[in-house]
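Novice: Got a structure for you, written out below as C-alpha cells; questions coming shortly.
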Amino acid sequence: MEEVRKEEVEDNTDIIMEGALIARDRVGVQDFVLLDSHTSEAAFLNNLRKRYQENLIYTYIGTLLVSVNPYKELDIYTVTQMQLYRGVNFFELPPHLYAIADNAYRVMCSEYNNHFILISGESGAGKTEASKKILQYYAVTCPTTEQLQVVRDRLLLSNPVLEAFGNAKTLRNDNSSRFGKYMDIQFDFKGAPVGGHILSYLIEKSRVVHQNHGERNFHIFYQLLEGGEKDLLCWLGLERNPQKYAYLIQGRCAKVFSINDKNDWKIVRKAFSIIDFTEKDLELLGVHLSILQESLTHRKIEARSEEVLSPLNVDLAFYARDAVAKAIYGRTFTWLVNKINGSLANKDSTRKTVIGLLDIYGFEVLDTNSFEQFCINYCNEKLQQLLIEMTLKAEQEEYEMEGIEWEPIPYFNNKIICDLVEQKHKGIISILDEECLRPGEATDLSFLEKLEEKVGDHAHFVTRKLADQKTRKSIDWVDFRLLHYAGEVTYCAVGFLEKNNDLLYRNLKEVLCNSKNGIIRECFLLSELDSRRRPETVATQFKNSLMSLIEILMSKEPSYIRCIKPNENKEPGKFDDCLIRHQVKYLGLMEHLRVRRAGFAYRRKYEHFLQRYKSLCPATWPHWHGPAAEGVERLIKHIGYKPEEYKLGRTKIFIRFPKTLFATEDAFEIRKHLLVSRLQAKYKGRLGKRDYQKKRKAAIKLEACWRGVLARKEAKRRTWAVEIIRKFIKGFINRKKPLCPENIEFVRLVQYKYLMKLRDHIPRNVLDKSWLQPPSILEEISEMLQKMCIRNLVRKYCRGVTPERKVQLQQKAVTSAIFRGKKEGYQQSINLPFADTRLKETDINPKVLQLIQGEKVKYATPVVKYDRNGFKARDRLLVLTQSSAYVVEMAKIKQKIDYATLKGISTSNLGDGIVVIHVPEDNKQKGDVILQCEHVFETVTKLCMLANKQNLVKVVKGSLRFRIGSGKEGTMVFTVGPEPHVFKAKDGQLTVVSNQAKS
C-alpha cells in the first residue's frame, strides 16, 4: 500500500513539475527544488518575489510548504476550494495549505498511522490563521454525523477561547500567540473527527504585570471590560473603563481600532457554552479579573476579599503582588486548557489515529532579548534539529532503496547549540538552575559569571569579558550572546533568575491554597505546602515538556508549513528583501532545500520519463519494445546527458541539475511543434495540387467567416458597453431631476447600491446612533428609513423589557429626576439595580408586623437613627408600607409617619447617607426623623414613590434646619474630610463629614 501511494505522489510530483516549466519565467517555479541555483539566497528570494507579486503566496520545497502572508483577503479559502483539494494527490494542484492538510489526512486514513503538521514563523507571519484554516478544512471535508457535529464545533471554538486567554497585541502582531500550542485531532476508523487534546507551552506570564509601549495585556481583559454584560461586571466588581487598571494601560494602547473586543467577547461567550462551561466554571473570569483588582498597602495584599498580612517592605510587596498575579494567571491558563481537553475528550476506547497541529513561536530577535526569547529560540533550535534529521532520514531511505550511493550533504548541525543549552550539569539551563537553588545571595551577575566560568570556551557562546575588542562594543556587561543556527542573538541576563524561579512566598501560597474560589483551590493544592521537595524551575519544566513534545513528534509522520512575514507594516504587495532574507535564514529554508535536493533536483520512474520524452530519440520513437530502464538509457545518451548530470536507480532516473531538465523540456517543445509541421506537410503531399488548393481556399473562407463572427460579436459587445456608459453619464448629469427616462436607470442603480450597503450597516440597538450617509438624491428616503428603523428597534426593545426590568426603569427614572446632577455618588449608582427590599418579612420581629396592623411590607432596610437630644446613634429598621413609614426598634415601633402628613425629605449634595424626614408639628410626632442608610438613593426613591411625593425631596448644600420638637429647631452641617464621621460639634450643631470627592 505504501509503495502504491508513493508512486502516485511521485507521478503527480512530476506532472506538476512539468506543468510549472511552462510559466517559470513569469511566476517562477512552484517547487524550490527546481531552482537551478538552489544554494543561492538571491535566487530563492527572486522566485519567492515573482510568485508573491502574482498573489501566489504558497510555494513548495518538496513536501514542505512556504507561506507568505498577503495581508489581504484572497479568494482561495472557499468551500469550493476545499472540495477541489479533497482527495486529490499532493502535487496535482498548485501549492496550497489544503494540499498539506488533505495529504496528511489521506495518508492517515489509508495507512492508519499518526501525523503532525508543524507550523512555524515569526509573530505576524500567519501561523495562527494557518492553524485555523486547517481546522476549518477538516471540519468541512471530513465525514460527520449529527452527534459528531458537537465535537467539530468544540474543536473549532476551542481556538477563540485559547486566543482570548493566550494571545495579545504586540508591536508585530495584533493577535500574537503568547504561548505554544500542540493540538491532537482524533479520528475514528471512518476518518471522522471524534475528539482532541491540547498541550500548551510557556505562557508568557510576565505580560500580565508588564507590557512594552505599544503592546497590550492578554485579550480577555479588554474583551470582558468592553463587551461583558452589566450584571457580570457588577458581579465581578469591575468598571468598564480599562484606564482604571494599571495592569492594562502600561502599553498605552488599551483601545485598538483594528481589534473589535466587543464582538470577540460575544464569540468567546458562545464558545463557553459550546465547550461545556458551566456557570460555576465562569468563576475563571472572576479569578482572572481579580488580578486587576489587586490593591497594595504597606503591609497588606488583597485579592477579591482574600488578604494576607505581610512583613514585606514596599518593594518586596510590589514584587509579591506581581508574583501572585503571574502565578494565578499561569495556573488558571493550565486549568482552562485542561477544561477544554475534558470537553474534547472522546470516551470511546477503540483505537484512534491523530493529526497533530503544532502552532509554535518562531525564532525571536528583539531589541532586548530576555528569558522568554531564550526559551523560544531554544525551542526553535530543537525543532530545526528535528526537521533536518527527519528530512535527511527520508531522503537517505529513498537513495538506499534506489541503490544510489548516499553522498554526505553539508548542513549546519545545530546539535552543538542544543547541547550548550540543555546538557546535564554543563548546559546553560543547568547552570541557571544551580544559581536559583544554591544557598547564599545569587544575582543575575553571579549567574553570568558562572556561565563565563563553565561554558566560556564554547565556540557559540560569548560575553563582553570574553569577546575580542571589536565585538566587545556591541555587548553590554549584563549580556551574553549565543551563535544560533539562524544567527547571533544577544540576551540580557537581568531577570533570568527571577523568571526561572517563579516562586511565591509561603504565606502567599497558603492564602491561595485556602482560597474560597474553587478554581484557585484546584490550581494551588494544599499538598504543595506539605511537600519539602523544591518545585522544578521554569526552564527545566520547559525543557522537559519540549523533550516530551519531540518524542511525540518523532512517533508521527511529519508535514511542515513555514510562514513568512513580507514586511513590518502589514502592507499588501510590499516585499522587504532584507526582512525576508532574515526569516529564510532562521526558518532553515535554505538548509531544508539543500537537504531535499540531496544532489538531485528531479526524479521520475523510467516508464513515465520515457513516455514523455521518447520523441527526442529515433530509437525510442514512436515505440520502444524493451525494458523501460534500457529505453531511458538509450534516450539520455542520444540527448547527450553527461555522467555527472544524472544517476540511474532501480526504478527511477535522478537528474542532478534543473537546467538539464529545462533543456530537455525545451527540446521536447521544439520537437512537438516540428512533428506537427511534418504531419501537416505529409497530409498536403497526399492530396493532388488541385484538391489541395480547393481545400485550402475552403479553409481560408471558413476561417474568414469564423473571424467575422467573432469580430461582429466583439463589436456588438463594445456597442452595448458604449450605450451603457453613455446612459449612466446622462443619468449622473440628470440625477437631481424628477424620475425620467434619462436618469431612471442611474437612480435605480444608486438606490440598489445604497440599500445593499445599508443592509450591512443597520444599527443593532437603540443606542447605536450611526447611520450610513446617503447620496444626495436619497436623503429623503434615507431619513424615512432611519425613522422606521429606530421605531422598530424601540418596539423590539420595549417588547423585550420584562415586568421586573420595567419596575427598575421606573424607579431609576424617579431617582434621576430627584438626584441627577445634584448629589455625589449618583453616577456610580446608575448601574446598581435596586433591590425589592433589604429585609424580608421573616427578618422582622412578628410583634412589629402585628403592631402595623397587618399592612403588607413594601420595603425594609437597616438604618442608623440619630436622637434629637444629644444626637446619639441608634440601630433601627425603616419599614415602608403602602400608607406609612415606621421607625422600628426590635419589637417596638418608635415612630410612625403617615404619608399623607409628610412635609418633606431632605438629603445633602455630598456622598453621605443622611436622610431627614420632615413631619408636621403636632402632639403625635416628636420631631423630624434623622436617619443614615447605606442605600440612600434606593431608600429615598422607594419612600417617594410609595408616598407619591417626589416633589417634596430637597437636596441641600452646606446645612439644613430640622425640627427637634415642641417648637425647637436644630441645624445640621455637611462638610468633607479624609474619613466619614457624624458627631455633635461644640456649638451644638450636628456635623456630618463625608469622604473627599474624587476628581
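Quick note on naming: the chains in the C-alpha cells go A, B, ... in the order shown, residues restart at 1 in each chain, and ligands are numbered from 1 in order of appearance.
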Skipping near chain neighbours, those fewer than 2 positions away, what residues fall within 10 Å of Gly227 in chain A using only C-alpha atoms, listed as number ranges by chain?
Specialist: A: 222-225, 229-230, 233, 240, 260-266, 269
Novice: Could you write those residues out with C-alpha atoms, as a tab-separated table (two decimals), in the first residue's frame?
Specialist:
```tsv
chain	number	residue	atom	x	y	z
A	222	TYR	CA	-10.19	44.06	27.29
A	223	GLN	CA	-12.87	41.81	25.79
A	224	LEU	CA	-14.64	41.44	29.13
A	225	LEU	CA	-14.47	45.14	30.02
A	229	GLU	CA	-22.76	42.23	30.38
A	230	LYS	CA	-23.52	44.80	33.09
A	233	LEU	CA	-19.24	43.25	35.51
A	240	ARG	CA	-15.91	49.20	32.10
A	260	ASN	CA	-13.20	44.50	17.96
A	261	ASP	CA	-13.08	43.46	21.63
A	262	LYS	CA	-16.85	43.65	21.99
A	263	ASN	CA	-17.52	41.27	19.10
A	264	ASP	CA	-14.68	38.96	20.17
A	265	TRP	CA	-16.28	38.69	23.61
A	266	LYS	CA	-19.54	37.50	22.00
A	269	ARG	CA	-19.20	33.72	25.31
```
Novice: Report the residues of range 308-501 of chain A whose backbone DSSP state falls under strand (DSSP E or B), written as a short mmCIF file (atom, residue, chain, number, x, y, z; two decimals) with all heavy atoms, in the first residue's frame.
Specialist:
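Printed below is selection_18.cif as written:
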```
data_model
loop_
_atom_site.label_atom_id
_atom_site.label_comp_id
_atom_site.auth_asym_id
_atom_site.auth_seq_id
_atom_site.Cartn_x
_atom_site.Cartn_y
_atom_site.Cartn_z
N VAL A 308 -3.72 38.83 52.97
CA VAL A 308 -2.65 38.24 53.77
C VAL A 308 -1.81 39.37 54.33
O VAL A 308 -1.37 40.25 53.61
CB VAL A 308 -1.78 37.26 52.94
CG1 VAL A 308 -1.24 37.91 51.69
CG2 VAL A 308 -0.63 36.73 53.78
N LEU A 309 -1.66 39.36 55.65
CA LEU A 309 -0.78 40.34 56.27
C LEU A 309 0.66 39.92 56.02
O LEU A 309 1.01 38.75 56.12
CB LEU A 309 -1.06 40.42 57.77
CG LEU A 309 -2.44 40.99 58.12
CD1 LEU A 309 -2.65 40.94 59.61
CD2 LEU A 309 -2.59 42.40 57.61
N THR A 353 -6.65 7.26 15.27
CA THR A 353 -5.46 7.88 14.68
C THR A 353 -5.58 9.39 14.88
O THR A 353 -6.68 9.92 15.06
CB THR A 353 -5.36 7.56 13.18
OG1 THR A 353 -6.61 7.84 12.56
CG2 THR A 353 -4.97 6.12 12.96
N VAL A 354 -4.45 10.07 14.86
CA VAL A 354 -4.47 11.51 15.14
C VAL A 354 -3.67 12.27 14.09
O VAL A 354 -2.75 11.73 13.48
CB VAL A 354 -3.91 11.84 16.55
CG1 VAL A 354 -4.66 11.11 17.61
CG2 VAL A 354 -2.42 11.55 16.63
N ILE A 355 -4.06 13.53 13.92
CA ILE A 355 -3.25 14.51 13.20
C ILE A 355 -2.98 15.63 14.18
O ILE A 355 -3.91 16.25 14.71
CB ILE A 355 -3.96 15.04 11.95
CG1 ILE A 355 -4.15 13.92 10.93
CG2 ILE A 355 -3.15 16.19 11.32
CD1 ILE A 355 -4.90 14.35 9.68
N GLY A 356 -1.71 15.87 14.46
CA GLY A 356 -1.33 16.92 15.40
C GLY A 356 -1.06 18.23 14.68
O GLY A 356 -0.50 18.26 13.58
N LEU A 357 -1.50 19.34 15.28
CA LEU A 357 -1.19 20.69 14.76
C LEU A 357 -0.29 21.38 15.77
O LEU A 357 -0.70 21.60 16.91
CB LEU A 357 -2.48 21.50 14.58
CG LEU A 357 -3.36 21.19 13.39
CD1 LEU A 357 -4.57 22.10 13.40
CD2 LEU A 357 -2.61 21.36 12.09
N LEU A 358 0.92 21.71 15.37
CA LEU A 358 1.85 22.39 16.27
C LEU A 358 2.02 23.82 15.80
O LEU A 358 2.65 24.10 14.78
CB LEU A 358 3.22 21.68 16.29
CG LEU A 358 4.28 22.30 17.20
CD1 LEU A 358 3.79 22.35 18.64
CD2 LEU A 358 5.58 21.53 17.11
N ASP A 359 1.38 24.76 16.54
CA ASP A 359 1.49 26.20 16.27
C ASP A 359 2.45 26.75 17.30
O ASP A 359 2.07 27.01 18.44
CB ASP A 359 0.11 26.84 16.37
CG ASP A 359 0.14 28.35 16.19
OD1 ASP A 359 1.23 28.89 15.92
OD2 ASP A 359 -0.92 28.99 16.32
N ASN A 369 16.43 41.04 24.34
CA ASN A 369 16.03 39.64 24.42
C ASN A 369 16.23 39.13 25.84
O ASN A 369 17.32 39.24 26.39
CB ASN A 369 16.84 38.80 23.44
CG ASN A 369 16.66 39.28 22.01
OD1 ASN A 369 15.61 39.12 21.43
ND2 ASN A 369 17.70 39.90 21.46
N PHE A 461 29.32 30.68 22.31
CA PHE A 461 28.97 31.50 23.48
C PHE A 461 30.01 32.61 23.64
O PHE A 461 31.21 32.37 23.50
CB PHE A 461 28.95 30.64 24.74
CG PHE A 461 28.71 31.41 26.02
CD1 PHE A 461 27.42 31.68 26.45
CD2 PHE A 461 29.77 31.90 26.78
CE1 PHE A 461 27.19 32.40 27.62
CE2 PHE A 461 29.56 32.61 27.94
CZ PHE A 461 28.25 32.86 28.36
N VAL A 462 29.53 33.83 23.94
CA VAL A 462 30.46 34.94 24.15
C VAL A 462 29.80 35.99 25.06
O VAL A 462 28.58 36.16 25.05
CB VAL A 462 30.88 35.58 22.80
CG1 VAL A 462 29.70 36.27 22.13
CG2 VAL A 462 32.03 36.55 22.98
N THR A 463 30.62 36.65 25.90
CA THR A 463 30.18 37.78 26.71
C THR A 463 31.12 38.94 26.46
O THR A 463 32.12 38.81 25.74
CB THR A 463 30.20 37.43 28.22
OG1 THR A 463 31.56 37.17 28.59
CG2 THR A 463 29.33 36.23 28.52
N ASP A 479 25.06 41.21 29.45
CA ASP A 479 24.59 40.43 28.32
C ASP A 479 25.45 39.19 28.08
O ASP A 479 26.62 39.15 28.47
CB ASP A 479 24.61 41.27 27.03
CG ASP A 479 23.59 42.38 27.04
OD1 ASP A 479 22.73 42.37 27.94
OD2 ASP A 479 23.66 43.27 26.17
N PHE A 480 24.86 38.20 27.43
CA PHE A 480 25.65 37.12 26.83
C PHE A 480 25.07 36.82 25.45
O PHE A 480 23.90 37.08 25.18
CB PHE A 480 25.65 35.86 27.72
CG PHE A 480 24.32 35.18 27.87
CD1 PHE A 480 23.93 34.16 27.02
CD2 PHE A 480 23.46 35.55 28.90
CE1 PHE A 480 22.71 33.52 27.18
CE2 PHE A 480 22.23 34.90 29.07
CZ PHE A 480 21.86 33.90 28.20
N ARG A 481 25.89 36.33 24.56
CA ARG A 481 25.50 36.13 23.17
C ARG A 481 25.65 34.67 22.78
O ARG A 481 26.65 34.04 23.10
CB ARG A 481 26.35 37.02 22.26
CG ARG A 481 26.01 36.90 20.78
CD ARG A 481 26.78 37.92 19.96
NE ARG A 481 26.35 39.27 20.26
CZ ARG A 481 26.98 40.38 19.82
NH1 ARG A 481 28.07 40.25 19.09
NH2 ARG A 481 26.52 41.57 20.13
N LEU A 482 24.61 34.15 22.08
CA LEU A 482 24.66 32.79 21.54
C LEU A 482 24.66 32.86 20.02
O LEU A 482 23.94 33.67 19.42
CB LEU A 482 23.46 31.97 22.01
CG LEU A 482 23.34 31.70 23.51
CD1 LEU A 482 22.15 30.79 23.77
CD2 LEU A 482 24.59 31.06 24.07
N LEU A 483 25.47 32.02 19.40
CA LEU A 483 25.53 31.95 17.94
C LEU A 483 24.60 30.83 17.49
O LEU A 483 25.00 29.67 17.35
CB LEU A 483 26.96 31.69 17.46
CG LEU A 483 27.88 32.91 17.36
CD1 LEU A 483 28.10 33.55 18.72
CD2 LEU A 483 29.23 32.53 16.76
N HIS A 484 23.31 31.17 17.29
CA HIS A 484 22.30 30.19 16.87
C HIS A 484 22.48 29.83 15.40
O HIS A 484 23.22 30.49 14.67
CB HIS A 484 20.89 30.76 17.07
CG HIS A 484 20.49 30.89 18.51
ND1 HIS A 484 20.04 29.83 19.25
CD2 HIS A 484 20.46 31.96 19.34
CE1 HIS A 484 19.74 30.23 20.48
NE2 HIS A 484 19.99 31.54 20.55
N GLY A 487 21.71 32.78 13.37
CA GLY A 487 22.50 33.98 13.56
C GLY A 487 22.71 34.29 15.03
O GLY A 487 22.27 33.55 15.92
N GLU A 488 23.39 35.39 15.29
CA GLU A 488 23.72 35.77 16.66
C GLU A 488 22.52 36.42 17.35
O GLU A 488 21.81 37.20 16.75
CB GLU A 488 24.89 36.75 16.66
CG GLU A 488 26.17 36.18 16.07
CD GLU A 488 27.29 37.22 16.03
OE1 GLU A 488 26.98 38.43 16.20
OE2 GLU A 488 28.44 36.84 15.83
N VAL A 489 22.33 36.06 18.62
CA VAL A 489 21.29 36.70 19.45
C VAL A 489 21.92 37.08 20.79
O VAL A 489 22.54 36.24 21.45
CB VAL A 489 20.08 35.79 19.69
CG1 VAL A 489 19.01 36.53 20.50
CG2 VAL A 489 19.50 35.30 18.38
N THR A 490 21.76 38.34 21.18
CA THR A 490 22.30 38.82 22.45
C THR A 490 21.18 38.84 23.49
O THR A 490 20.12 39.44 23.28
CB THR A 490 22.88 40.24 22.29
OG1 THR A 490 23.88 40.20 21.26
CG2 THR A 490 23.51 40.71 23.59
N TYR A 491 21.40 38.16 24.62
CA TYR A 491 20.41 38.07 25.69
C TYR A 491 20.84 38.90 26.89
O TYR A 491 22.01 38.87 27.29
CB TYR A 491 20.23 36.61 26.14
CG TYR A 491 19.75 35.70 25.05
CD1 TYR A 491 20.65 34.90 24.33
CD2 TYR A 491 18.40 35.64 24.70
CE1 TYR A 491 20.21 34.06 23.32
CE2 TYR A 491 17.95 34.80 23.69
CZ TYR A 491 18.87 34.02 23.00
OH TYR A 491 18.43 33.20 21.99
N CYS A 492 19.87 39.63 27.46
CA CYS A 492 20.13 40.39 28.67
C CYS A 492 19.83 39.47 29.87
O CYS A 492 18.72 38.98 30.03
CB CYS A 492 19.25 41.64 28.72
SG CYS A 492 19.43 42.59 30.23
#
```
Novice: Could you find all residues in range 640-874 of chain A that DSSP calls alpha helix (DSSP H) from the backbone, and write them as an NGL selection string?
Specialist: :A and (658-686 or 689-733 or 744-759 or 779-800 or 803-819 or 826-829 or 846-851)
Novice: Expressed in Å to a single decimal, how great is the separation between CA of Leu65 in chain A and CA of Tyr182 in chain A?
Specialist: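 These two atoms are separated by 18.8 Å.
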Novice: So that I can check the surroundings of range 883-887 of chain A, please list as a PDB file with N, CA and C atoms, in the first residue's frame every protein, DNA and RNA residue that reaches within 7 Å of it, counting only C-alpha atoms and ignoring chain neighbours fewer than 4 positions away.
Specialist:
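As a result, selection-v1.pdb now contains:
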```pdb
ATOM      1  N   ARG A 876     -31.661  50.993  63.976  1.00  0.00           N
ATOM      2  CA  ARG A 876     -33.114  50.840  63.810  1.00  0.00           C
ATOM      3  C   ARG A 876     -33.410  50.185  62.458  1.00  0.00           C
ATOM      4  N   LEU A 877     -34.687  49.895  62.245  1.00  0.00           N
ATOM      5  CA  LEU A 877     -35.171  49.451  60.940  1.00  0.00           C
ATOM      6  C   LEU A 877     -36.136  50.489  60.415  1.00  0.00           C
ATOM      7  N   LEU A 878     -36.066  50.748  59.088  1.00  0.00           N
ATOM      8  CA  LEU A 878     -37.060  51.599  58.440  1.00  0.00           C
ATOM      9  C   LEU A 878     -37.948  50.676  57.632  1.00  0.00           C
ATOM     10  N   VAL A 879     -39.248  50.634  57.986  1.00  0.00           N
ATOM     11  CA  VAL A 879     -40.210  49.747  57.323  1.00  0.00           C
ATOM     12  C   VAL A 879     -41.229  50.616  56.601  1.00  0.00           C
ATOM     13  N   ILE A 893     -42.393  49.924  67.833  1.00  0.00           N
ATOM     14  CA  ILE A 893     -42.474  50.964  66.799  1.00  0.00           C
ATOM     15  C   ILE A 893     -42.155  52.282  67.492  1.00  0.00           C
ATOM     16  N   LYS A 894     -41.002  52.857  67.126  1.00  0.00           N
ATOM     17  CA  LYS A 894     -40.562  54.096  67.781  1.00  0.00           C
ATOM     18  C   LYS A 894     -41.245  55.314  67.171  1.00  0.00           C
ATOM     19  N   GLN A 895     -41.589  55.253  65.890  1.00  0.00           N
ATOM     20  CA  GLN A 895     -42.240  56.409  65.266  1.00  0.00           C
ATOM     21  C   GLN A 895     -42.971  55.943  64.010  1.00  0.00           C
ATOM     22  N   LYS A 896     -44.193  56.479  63.859  1.00  0.00           N
ATOM     23  CA  LYS A 896     -44.986  56.195  62.677  1.00  0.00           C
ATOM     24  C   LYS A 896     -45.232  57.500  61.936  1.00  0.00           C
ATOM     25  N   ILE A 897     -45.036  57.465  60.608  1.00  0.00           N
ATOM     26  CA  ILE A 897     -45.205  58.675  59.792  1.00  0.00           C
ATOM     27  C   ILE A 897     -46.176  58.330  58.682  1.00  0.00           C
ATOM     28  N   ASP A 898     -47.363  58.927  58.729  1.00  0.00           N
ATOM     29  CA  ASP A 898     -48.323  58.721  57.641  1.00  0.00           C
ATOM     30  C   ASP A 898     -47.862  59.518  56.431  1.00  0.00           C
ATOM     31  N   TYR A 899     -47.945  58.888  55.247  1.00  0.00           N
ATOM     32  CA  TYR A 899     -47.500  59.583  54.027  1.00  0.00           C
ATOM     33  C   TYR A 899     -48.321  60.845  53.774  1.00  0.00           C
TER      34      TYR A 899
END
```
Novice: Point out the residue among A:Ser370, A:Lys499, A:Glu510, A:Met788 with the least atom-to-atom distance to Val478 in chain A, counting only C-alpha atoms.
Specialist: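 Smallest separation from Val478 in chain A among the options: A:Ser370.
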Novice: Skipping near chain neighbours, those fewer than 2 positions away, what residues fall within 12 Å of His96 in chain A using only C-alpha atoms, listed as a PyMOL selection string?
Specialist: chain A and resi 30-31+56-60+63-68+76-77+81-82+84-86+88+90-94+98-103+130+133-134+137+561
